[in-house]
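Chemist: This structure is in structure tokens; I'll ask about it shortly.
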Amino acid sequence: MLYAINSMLPKSQQQRMPSLITNYSVYLALYRIEEMLLVAQ
């Protein structure tokens, strides 16, 4: 799901995805995406 959300973002705003995905890395990436979208509004 994270990959799908990330792929919808413009290339300049996409998060780098680590090769080993942990719960924390998913949480952190979703948090960063949410912050980016809130700032853009």
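Simple scheme: letters A, B, ... for chains in structure tokens order, numbers from 1 for residues in each chain, numbers from 1 for ligands in the order shown.
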Can you tell me, as a PyMOL selection string, what residues are no more than 10 Å from Val26 (chain A) when counting only C-alpha atoms, ignoring any on the same chain fewer than 3 positions away?

Modeler: chain A and resi 1-3+17-18+21-23+29-32

Chemist: Interatomic distance between CA of Ala40 (chain A) and CA of Ser19 (chain A)?

Modeler: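 One can read the CA of Ala40 (chain A) to CA of Ser19 (chain A) distance as 28.2 Å.
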
Chemist: Env of Leu9 (chain A): 12 Å cut, atoms = only C-alpha atoms, seq-sep filter 4 positions within chain, self excluded. Answer as a list in words.

Modeler: Leu2, Tyr3, Ala4, Ile5, Gln13, Gln14, Gln15, Arg16, Ile33, Glu34, Met36 and Leu37 of chain A

Chemist: Report as JSON, numbers by chain: the residues of chain A with a DSSP assignment of alpha helix (DSSP H), based on the backbone of this structure.

Modeler: {"A": [2, 3, 4, 5, 6, 7, 8, 23, 24, 25, 26, 27, 28, 29, 30, 31, 32, 33, 34, 35, 36, 37, 38, 39, 40]}

Chemist: Could the residues in this selection be saved with C-alpha atoms as a CSV table (one decimal), in the first residue's frame?

Modeler:
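again.csv was written with the following content:
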```
chain,number,residue,atom,x,y,z
A,2,LEU,CA,2.8,2.4,0.8
A,3,TYR,CA,4.4,1.8,-2.6
A,4,ALA,CA,1.0,2.7,-4.3
A,5,ILE,CA,0.7,5.9,-2.3
A,6,ASN,CA,4.3,6.8,-2.9
A,7,SER,CA,3.9,6.2,-6.7
A,8,MET,CA,1.0,8.7,-6.9
A,23,ASN,CA,6.7,-1.2,10.7
A,24,TYR,CA,8.7,1.8,11.7
A,25,SER,CA,9.8,2.6,8.2
A,26,VAL,CA,6.2,2.4,7.0
A,27,TYR,CA,5.1,4.7,9.8
A,28,LEU,CA,7.8,7.1,9.1
A,29,ALA,CA,7.2,7.3,5.4
A,30,LEU,CA,3.4,7.7,5.9
A,31,TYR,CA,4.1,10.5,8.4
A,32,ARG,CA,6.4,12.3,6.0
A,33,ILE,CA,3.9,12.0,3.2
A,34,GLU,CA,1.1,13.3,5.4
A,35,GLU,CA,3.3,16.3,6.6
A,36,MET,CA,4.2,17.1,3.0
A,37,LEU,CA,0.6,17.1,1.9
A,38,LEU,CA,-0.5,19.2,4.8
A,39,VAL,CA,2.1,21.8,4.1
A,40,ALA,CA,1.2,21.9,0.4
```
